[in-house]
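Working notes for the structure below.
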Amino acid sequence: MKTIKRLVPVLLLAVTLGACEEGILEVLPVDAIANETAIIDGTSAQAALYGAYSALQGGSYYGNSYSLFSELMTPNTEHTGTFSSWGDADLNQVLPNNGTINGMWGIMYDGINRVNNLIERVPEIPADDISAAEANEILGQAYGLRALHYFSLARAWGDVPLVLAPMSDLDAAGEVSRAPVAQVWAQVESDLAEAQSRLAGMGNNDRIFVTPGFIYAMQARVALYQEDWGGAVSAARQVEASGDYALVNDFGDLWTTLGSQTSEDIFKVHFDEIDGNNMGFYYQLGGRFEMGATSEIYDLFPAGDRRHEVTFLAPHSGGIEVSKWPTFIGSEDFSVIRYGGILLLMAEALAQQGSLAEAVDYMNQIRTRAGVAPYVYGVDLTTKTEILDAVFLECRLELAFEGEYWFDLVRTGRAAEAIGANFSAYESLWPIPESEMDVAPNLVQNPGY
């Protein structure tokens, strides 16, 4: 990228316009810098963009909650600590007053507000103060980030408010209402198309930023969630055809103490010793060990699977620790999208289309890398149902604890069978936070809560 550098933490607070993890109805504090003053030229616009990316680092987002909380709702994990809101997730008894739910909703809308400020203000910067190329690139990044935020919201809550302009007025914010999820998906697709247009010609080199590869991968994911199998295959093939991505040879190379960029990374959230995540801290005894793996997932891996060795520490009387994030200081980047996941997405979508042999071939790339025997189509797997079941299992093993399993269970209609008596159908969607409902009379709660 020509204009965007690595995240610079010292710039983050200057122009983020409400950096705390709050809800839609938080307005600009009186001691903050006003948007029209903060984003006035290329330098301040880039600083605001850094601030937009920093929302992803929040403890209620990829810093821990969005992946950890959703994993607790599945048979992969169990609560070993004392956080009551996480204990409720483990029991599948999440209520609208759950503090973690409130935090996740809030940071996502905070992130949306940050990019909305950029989308509104950057086009108004005089040409003498920002080049057309720089403005285009910053706006492309902003649209890509907004698409990611609404993807995160839609798959967790379904219908959500579509806020497409900065929120700085309390009265206006109190009027928000939920848009149908189909409309939300359409907005995500529109934002991705806008980002794609503005970032055309950019490379895929620095993968902590929105790139063309990120956009194609997100288009594939959005299509998958809408059961547009052809669209998912088409977009995933674009990721593959770029030639910029490949599986690393050893699964362990994905999980280093510094989270170094690899050929498999498509999009990562950057962390370091200053702005660390809590993944290892919450999954291991050297930290807080707030949650651990279940024996079910521990015993599910086939013999000799390299992923098992990388994913777990040896069981002990206190539980099973997860070691994908090996430090307690959180210096590892968090992988939001990696090429291994896209290969499995391709396998699922191809199987749904009836291209069964090709689907098995894509799945086998993952199995071979893991050191386990590939499936033989027509011998080990024959029918569409068998292949889809195998792909689902492979996703569970490959992406274990990366925050995808809960959403895969819901998306494929497998949650009730996997979770059992603790699961009710309405729990497929999370509750709208009570704090938001209290101040926005037009919001309607998800059924069942």
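For the structure tokens, the naming scheme is as follows: chains receive sequential letters (A, B, ...) according to their order of presentation, residues are indexed from 1 within each chain, and ligands are indexed from 1 in presentation order.
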
Per residue of range 41-149 of chain A within 12 Å of range 336-360 of chain A, record the nearest atom pair and its distance in Å to one decimal, counting only C-alpha atoms, with rows in chain order and ascending residue number, as CSV.
residue,atom,partner,partner_atom,distance
A:Leu56,CA,A:Val336,CA,10.3
A:Gln57,CA,A:Val336,CA,11.7
A:Tyr61,CA,A:Val336,CA,11.1
A:Tyr62,CA,A:Val336,CA,8.3
A:Gly63,CA,A:Val336,CA,11.4
A:Tyr66,CA,A:Val336,CA,11.0
A:Ser67,CA,A:Val336,CA,9.8
A:Leu148,CA,A:Val336,CA,10.0

With N, CA and C atoms retained, export the selected residues as a PDB file, in the first residue's frame.
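Dumped everything to selection.pdb:
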ATOM      1  N   LEU A  56     -11.181  -2.704  15.765  1.00  0.00           N
ATOM      2  CA  LEU A  56     -11.109  -4.163  15.671  1.00  0.00           C
ATOM      3  C   LEU A  56     -10.298  -4.766  16.803  1.00  0.00           C
ATOM      4  N   GLN A  57      -9.389  -3.977  17.388  1.00  0.00           N
ATOM      5  CA  GLN A  57      -8.549  -4.473  18.476  1.00  0.00           C
ATOM      6  C   GLN A  57      -9.276  -4.520  19.816  1.00  0.00           C
ATOM      7  N   TYR A  61     -14.214  -7.067  20.771  1.00  0.00           N
ATOM      8  CA  TYR A  61     -14.249  -7.486  19.363  1.00  0.00           C
ATOM      9  C   TYR A  61     -13.186  -8.559  19.176  1.00  0.00           C
ATOM     10  N   TYR A  62     -12.237  -8.354  18.275  1.00  0.00           N
ATOM     11  CA  TYR A  62     -11.245  -9.393  18.030  1.00  0.00           C
ATOM     12  C   TYR A  62     -10.170  -9.457  19.104  1.00  0.00           C
ATOM     13  N   GLY A  63     -10.193  -8.527  20.057  1.00  0.00           N
ATOM     14  CA  GLY A  63      -9.286  -8.628  21.195  1.00  0.00           C
ATOM     15  C   GLY A  63      -9.606  -9.799  22.088  1.00  0.00           C
ATOM     16  N   TYR A  66     -15.540 -11.452  20.760  1.00  0.00           N
ATOM     17  CA  TYR A  66     -16.335 -11.912  19.620  1.00  0.00           C
ATOM     18  C   TYR A  66     -16.042 -13.364  19.287  1.00  0.00           C
ATOM     19  N   SER A  67     -14.807 -13.796  19.436  1.00  0.00           N
ATOM     20  CA  SER A  67     -14.496 -15.205  19.184  1.00  0.00           C
ATOM     21  C   SER A  67     -14.688 -16.059  20.427  1.00  0.00           C
ATOM     22  N   LEU A 148     -17.177  -5.340   6.897  1.00  0.00           N
ATOM     23  CA  LEU A 148     -16.805  -6.337   7.904  1.00  0.00           C
ATOM     24  C   LEU A 148     -17.644  -6.178   9.164  1.00  0.00           C
TER      25      LEU A 148
END

Would you list the contacts of Lys268 in chain A as a ChimeraX atom specification, taking every protein, DNA or RNA residue within 12 Å and counting only C-alpha atoms, but skipping same-chain residues closer than 2 positions in sequence? /A:53,56-57,62-63,206-211,214,254,259-262,264-266,270-271,332-339,402

Identify, with DSSP run on backbone atoms, the residues in range 167-224 of chain A assigned to alpha helix (DSSP H), and express the list as an mmCIF file with N, CA and C atoms, in the first residue's frame.
data_model
loop_
_atom_site.group_PDB
_atom_site.id
_atom_site.type_symbol
_atom_site.label_atom_id
_atom_site.label_comp_id
_atom_site.auth_asym_id
_atom_site.auth_seq_id
_atom_site.Cartn_x
_atom_site.Cartn_y
_atom_site.Cartn_z
ATOM 1 N N LEU A 170 -28.059 12.899 19.796
ATOM 2 C CA LEU A 170 -28.741 11.917 20.626
ATOM 3 C C LEU A 170 -30.164 11.662 20.165
ATOM 4 N N ASP A 171 -30.870 12.722 19.770
ATOM 5 C CA ASP A 171 -32.255 12.554 19.343
ATOM 6 C C ASP A 171 -32.339 11.693 18.084
ATOM 7 N N ALA A 172 -31.455 11.968 17.130
ATOM 8 C CA ALA A 172 -31.458 11.192 15.892
ATOM 9 C C ALA A 172 -31.089 9.742 16.174
ATOM 10 N N ALA A 173 -30.114 9.534 17.052
ATOM 11 C CA ALA A 173 -29.692 8.169 17.370
ATOM 12 C C ALA A 173 -30.812 7.385 18.027
ATOM 13 N N VAL A 181 -32.529 -8.359 7.622
ATOM 14 C CA VAL A 181 -31.180 -8.867 7.404
ATOM 15 C C VAL A 181 -30.835 -8.927 5.923
ATOM 16 N N ALA A 182 -31.811 -9.155 5.057
ATOM 17 C CA ALA A 182 -31.537 -9.154 3.619
ATOM 18 C C ALA A 182 -31.029 -7.794 3.159
ATOM 19 N N GLN A 183 -31.572 -6.743 3.748
ATOM 20 C CA GLN A 183 -31.120 -5.392 3.424
ATOM 21 C C GLN A 183 -29.709 -5.156 3.955
ATOM 22 N N VAL A 184 -29.408 -5.725 5.120
ATOM 23 C CA VAL A 184 -28.063 -5.605 5.678
ATOM 24 C C VAL A 184 -27.052 -6.310 4.778
ATOM 25 N N TRP A 185 -27.380 -7.536 4.337
ATOM 26 C CA TRP A 185 -26.481 -8.240 3.423
ATOM 27 C C TRP A 185 -26.281 -7.443 2.135
ATOM 28 N N ALA A 186 -27.345 -6.836 1.639
ATOM 29 C CA ALA A 186 -27.225 -6.031 0.418
ATOM 30 C C ALA A 186 -26.291 -4.841 0.642
ATOM 31 N N GLN A 187 -26.340 -4.247 1.827
ATOM 32 C CA GLN A 187 -25.451 -3.133 2.132
ATOM 33 C C GLN A 187 -23.997 -3.602 2.217
ATOM 34 N N VAL A 188 -23.796 -4.769 2.809
ATOM 35 C CA VAL A 188 -22.439 -5.328 2.863
ATOM 36 C C VAL A 188 -21.905 -5.533 1.447
ATOM 37 N N GLU A 189 -22.727 -6.095 0.580
ATOM 38 C CA GLU A 189 -22.310 -6.314 -0.797
ATOM 39 C C GLU A 189 -22.006 -4.991 -1.495
ATOM 40 N N SER A 190 -22.827 -3.980 -1.244
ATOM 41 C CA SER A 190 -22.603 -2.664 -1.843
ATOM 42 C C SER A 190 -21.300 -2.046 -1.351
ATOM 43 N N ASP A 191 -21.051 -2.137 -0.059
ATOM 44 C CA ASP A 191 -19.813 -1.581 0.485
ATOM 45 C C ASP A 191 -18.589 -2.307 -0.057
ATOM 46 N N LEU A 192 -18.682 -3.623 -0.207
ATOM 47 C CA LEU A 192 -17.564 -4.375 -0.765
ATOM 48 C C LEU A 192 -17.322 -3.988 -2.219
ATOM 49 N N ALA A 193 -18.392 -3.782 -2.976
ATOM 50 C CA ALA A 193 -18.243 -3.362 -4.365
ATOM 51 C C ALA A 193 -17.593 -1.979 -4.444
ATOM 52 N N GLU A 194 -17.981 -1.090 -3.554
ATOM 53 C CA GLU A 194 -17.389 0.248 -3.522
ATOM 54 C C GLU A 194 -15.908 0.168 -3.170
ATOM 55 N N ALA A 195 -15.587 -0.637 -2.182
ATOM 56 C CA ALA A 195 -14.184 -0.824 -1.805
ATOM 57 C C ALA A 195 -13.398 -1.418 -2.961
ATOM 58 N N GLN A 196 -13.989 -2.385 -3.642
ATOM 59 C CA GLN A 196 -13.317 -3.047 -4.761
ATOM 60 C C GLN A 196 -12.996 -2.055 -5.871
ATOM 61 N N SER A 197 -13.936 -1.184 -6.156
ATOM 62 C CA SER A 197 -13.725 -0.183 -7.198
ATOM 63 C C SER A 197 -12.603 0.780 -6.827
ATOM 64 N N ARG A 198 -12.580 1.201 -5.582
ATOM 65 C CA ARG A 198 -11.597 2.202 -5.153
ATOM 66 C C ARG A 198 -10.204 1.613 -4.954
ATOM 67 N N PRO A 212 -7.652 -6.195 -2.106
ATOM 68 C CA PRO A 212 -8.548 -6.898 -3.031
ATOM 69 C C PRO A 212 -8.800 -8.341 -2.619
ATOM 70 N N GLY A 213 -7.783 -9.016 -2.079
ATOM 71 C CA GLY A 213 -7.983 -10.387 -1.617
ATOM 72 C C GLY A 213 -8.984 -10.468 -0.482
ATOM 73 N N PHE A 214 -8.917 -9.526 0.444
ATOM 74 C CA PHE A 214 -9.899 -9.439 1.529
ATOM 75 C C PHE A 214 -11.300 -9.274 0.955
ATOM 76 N N ILE A 215 -11.432 -8.415 -0.047
ATOM 77 C CA ILE A 215 -12.754 -8.124 -0.605
ATOM 78 C C ILE A 215 -13.345 -9.369 -1.257
ATOM 79 N N TYR A 216 -12.561 -10.072 -2.060
ATOM 80 C CA TYR A 216 -13.068 -11.300 -2.682
ATOM 81 C C TYR A 216 -13.430 -12.339 -1.609
ATOM 82 N N ALA A 217 -12.582 -12.465 -0.586
ATOM 83 C CA ALA A 217 -12.865 -13.437 0.475
ATOM 84 C C ALA A 217 -14.147 -13.085 1.213
ATOM 85 N N MET A 218 -14.352 -11.793 1.484
ATOM 86 C CA MET A 218 -15.588 -11.376 2.143
ATOM 87 C C MET A 218 -16.795 -11.602 1.243
ATOM 88 N N GLN A 219 -16.652 -11.351 -0.049
ATOM 89 C CA GLN A 219 -17.764 -11.609 -0.967
ATOM 90 C C GLN A 219 -18.130 -13.091 -0.961
ATOM 91 N N ALA A 220 -17.121 -13.943 -0.876
ATOM 92 C CA ALA A 220 -17.387 -15.382 -0.799
ATOM 93 C C ALA A 220 -18.120 -15.732 0.483
ATOM 94 N N ARG A 221 -17.723 -15.140 1.593
ATOM 95 C CA ARG A 221 -18.360 -15.443 2.876
ATOM 96 C C ARG A 221 -19.799 -14.945 2.897
ATOM 97 N N VAL A 222 -20.029 -13.741 2.392
ATOM 98 C CA VAL A 222 -21.386 -13.186 2.360
ATOM 99 C C VAL A 222 -22.281 -14.053 1.484
ATOM 100 N N ALA A 223 -21.772 -14.497 0.341
ATOM 101 C CA ALA A 223 -22.554 -15.376 -0.531
ATOM 102 C C ALA A 223 -22.868 -16.693 0.174
ATOM 103 N N LEU A 224 -21.910 -17.241 0.897
ATOM 104 C CA LEU A 224 -22.129 -18.507 1.606
ATOM 105 C C LEU A 224 -23.250 -18.371 2.625
#

Among the residues A:Asn136, A:Thr100, A:Thr43, A:Ser323, the one that comes closest to Phe289 in chain A [using only C-alpha atoms]: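 Smallest separation from Phe289 in chain A among the options: A:Ser323.
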
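Minimum atom-to-atom distance to Ala179 in chain A, evaluated using only C-alpha atoms, belongs to A:Val444 out of A:Ala232, A:Ala241, A:Ala132, A:Val444.
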
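Remark: for Ala127 in chain A, the closest of the candidate residues A:Leu313, A:Val372, A:Ile387, A:Ile40 is A:Ile40 (distances computed over only C-alpha atoms).
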
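We find CA of Gly203 in chain A and CA of Val239 in chain A to be spaced 12.2 Å apart.
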
So the first atom is CA of Gln445 in chain A and the second is CA of Asn116 in chain A; what is the distance between them in Å, to one decimal place?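 One can read the CA of Gln445 in chain A to CA of Asn116 in chain A distance as 25.3 Å.
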
Between CA of Val122 in chain A and CA of Ala47 in chain A, measure the distance and give it in Å to one decimal.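 These two atoms are separated by 12.0 Å.
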
Could you name the residues that touch Gly292 in chain A at 9 Å or less, counting only C-alpha atoms, but leaving out those on the same chain fewer than 3 positions away, as an mmCIF file with C-alpha atoms, in the first residue's frame?
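Dumped everything to out.cif:
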data_model
loop_
_atom_site.group_PDB
_atom_site.id
_atom_site.type_symbol
_atom_site.label_atom_id
_atom_site.label_comp_id
_atom_site.auth_asym_id
_atom_site.auth_seq_id
_atom_site.Cartn_x
_atom_site.Cartn_y
_atom_site.Cartn_z
ATOM 1 C CA ASN A 76 -15.857 -26.932 21.725
ATOM 2 C CA THR A 77 -15.373 -25.046 24.981
ATOM 3 C CA GLU A 78 -16.340 -24.897 28.624
ATOM 4 C CA HIS A 79 -16.233 -22.098 31.150
ATOM 5 C CA THR A 80 -13.473 -22.577 33.712
ATOM 6 C CA TYR A 282 -7.934 -16.501 28.738
ATOM 7 C CA TYR A 283 -7.171 -19.949 27.299
ATOM 8 C CA GLN A 284 -4.158 -20.876 29.440
ATOM 9 C CA PHE A 289 -7.683 -19.595 32.093
ATOM 10 C CA GLY A 318 -8.109 -28.077 35.747
ATOM 11 C CA GLY A 319 -9.117 -28.666 32.137
ATOM 12 C CA ILE A 320 -7.650 -28.514 28.639
ATOM 13 C CA GLU A 321 -5.709 -25.428 27.603
ATOM 14 C CA VAL A 322 -5.724 -24.074 24.057
#

Distance query Ile138 in chain A at most 12 Å, only C-alpha atoms, self and fewer than 3 positions along chain excluded, as a PyMOL selection string: chain A and resi 1-5+39+41-50+52-53+115-123+130-135+141-145+194-195+198-199+209-211

I'd like to know which of A:Asp305, A:Arg411, A:Gly158, A:Trp325 is closest to Pro374 in chain A, using only C-alpha atoms.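 Nearest to Pro374 in chain A: A:Asp305.
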
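Nearest-residue note for Asp408 in chain A: choosing from A:Ala89, A:Val379, A:Met73, A:Leu164, the minimum distance belongs to A:Met73, counting only C-alpha atoms.
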
Hey, which of A:Thr82, A:Ser60, A:Thr257, A:Asn278 ends up closest to Gly106 in chain A? Count only C-alpha atoms.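 Nearest to Gly106 in chain A: A:Ser60.
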
DSSP on the backbone, then: every residue of range 134-313 of chain A marked strand (DSSP E or B), written as a PDB file with N, CA and C atoms, in the first residue's frame.
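Produced file selection-v2.pdb, reproduced below:
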ATOM      1  N   VAL A 160     -30.545  -5.658  11.972  1.00  0.00           N
ATOM      2  CA  VAL A 160     -29.849  -4.677  12.807  1.00  0.00           C
ATOM      3  C   VAL A 160     -30.020  -3.290  12.192  1.00  0.00           C
ATOM      4  N   ALA A 179     -33.103  -2.877  10.351  1.00  0.00           N
ATOM      5  CA  ALA A 179     -33.346  -3.180   8.940  1.00  0.00           C
ATOM      6  C   ALA A 179     -33.394  -4.691   8.764  1.00  0.00           C
ATOM      7  N   ASP A 265      -2.384 -15.881   5.314  1.00  0.00           N
ATOM      8  CA  ASP A 265      -3.192 -14.800   5.881  1.00  0.00           C
ATOM      9  C   ASP A 265      -3.850 -13.985   4.772  1.00  0.00           C
ATOM     10  N   ILE A 266      -5.144 -13.763   4.905  1.00  0.00           N
ATOM     11  CA  ILE A 266      -5.870 -12.866   4.018  1.00  0.00           C
ATOM     12  C   ILE A 266      -6.196 -11.572   4.734  1.00  0.00           C
ATOM     13  N   PHE A 267      -6.647 -11.667   5.988  1.00  0.00           N
ATOM     14  CA  PHE A 267      -6.870 -10.466   6.800  1.00  0.00           C
ATOM     15  C   PHE A 267      -6.649 -10.798   8.260  1.00  0.00           C
ATOM     16  N   LYS A 268      -5.830  -9.980   8.913  1.00  0.00           N
ATOM     17  CA  LYS A 268      -5.520 -10.158  10.327  1.00  0.00           C
ATOM     18  C   LYS A 268      -5.753  -8.844  11.059  1.00  0.00           C
ATOM     19  N   VAL A 269      -6.074  -8.935  12.343  1.00  0.00           N
ATOM     20  CA  VAL A 269      -6.090  -7.763  13.210  1.00  0.00           C
ATOM     21  C   VAL A 269      -4.754  -7.727  13.931  1.00  0.00           C
ATOM     22  N   MET A 291     -11.487 -19.986  30.186  1.00  0.00           N
ATOM     23  CA  MET A 291     -12.206 -21.002  29.430  1.00  0.00           C
ATOM     24  C   MET A 291     -11.211 -22.003  28.873  1.00  0.00           C
ATOM     25  N   GLY A 292     -11.690 -23.236  28.631  1.00  0.00           N
ATOM     26  CA  GLY A 292     -10.830 -24.279  28.105  1.00  0.00           C
ATOM     27  C   GLY A 292     -11.567 -25.139  27.103  1.00  0.00           C
ATOM     28  N   ALA A 293     -10.818 -26.024  26.456  1.00  0.00           N
ATOM     29  CA  ALA A 293     -11.404 -26.932  25.474  1.00  0.00           C
ATOM     30  C   ALA A 293     -12.141 -28.063  26.170  1.00  0.00           C
ATOM     31  N   PHE A 312      -3.627 -27.768  21.269  1.00  0.00           N
ATOM     32  CA  PHE A 312      -3.843 -28.068  22.681  1.00  0.00           C
ATOM     33  C   PHE A 312      -2.539 -28.260  23.450  1.00  0.00           C
TER      34      PHE A 312
END
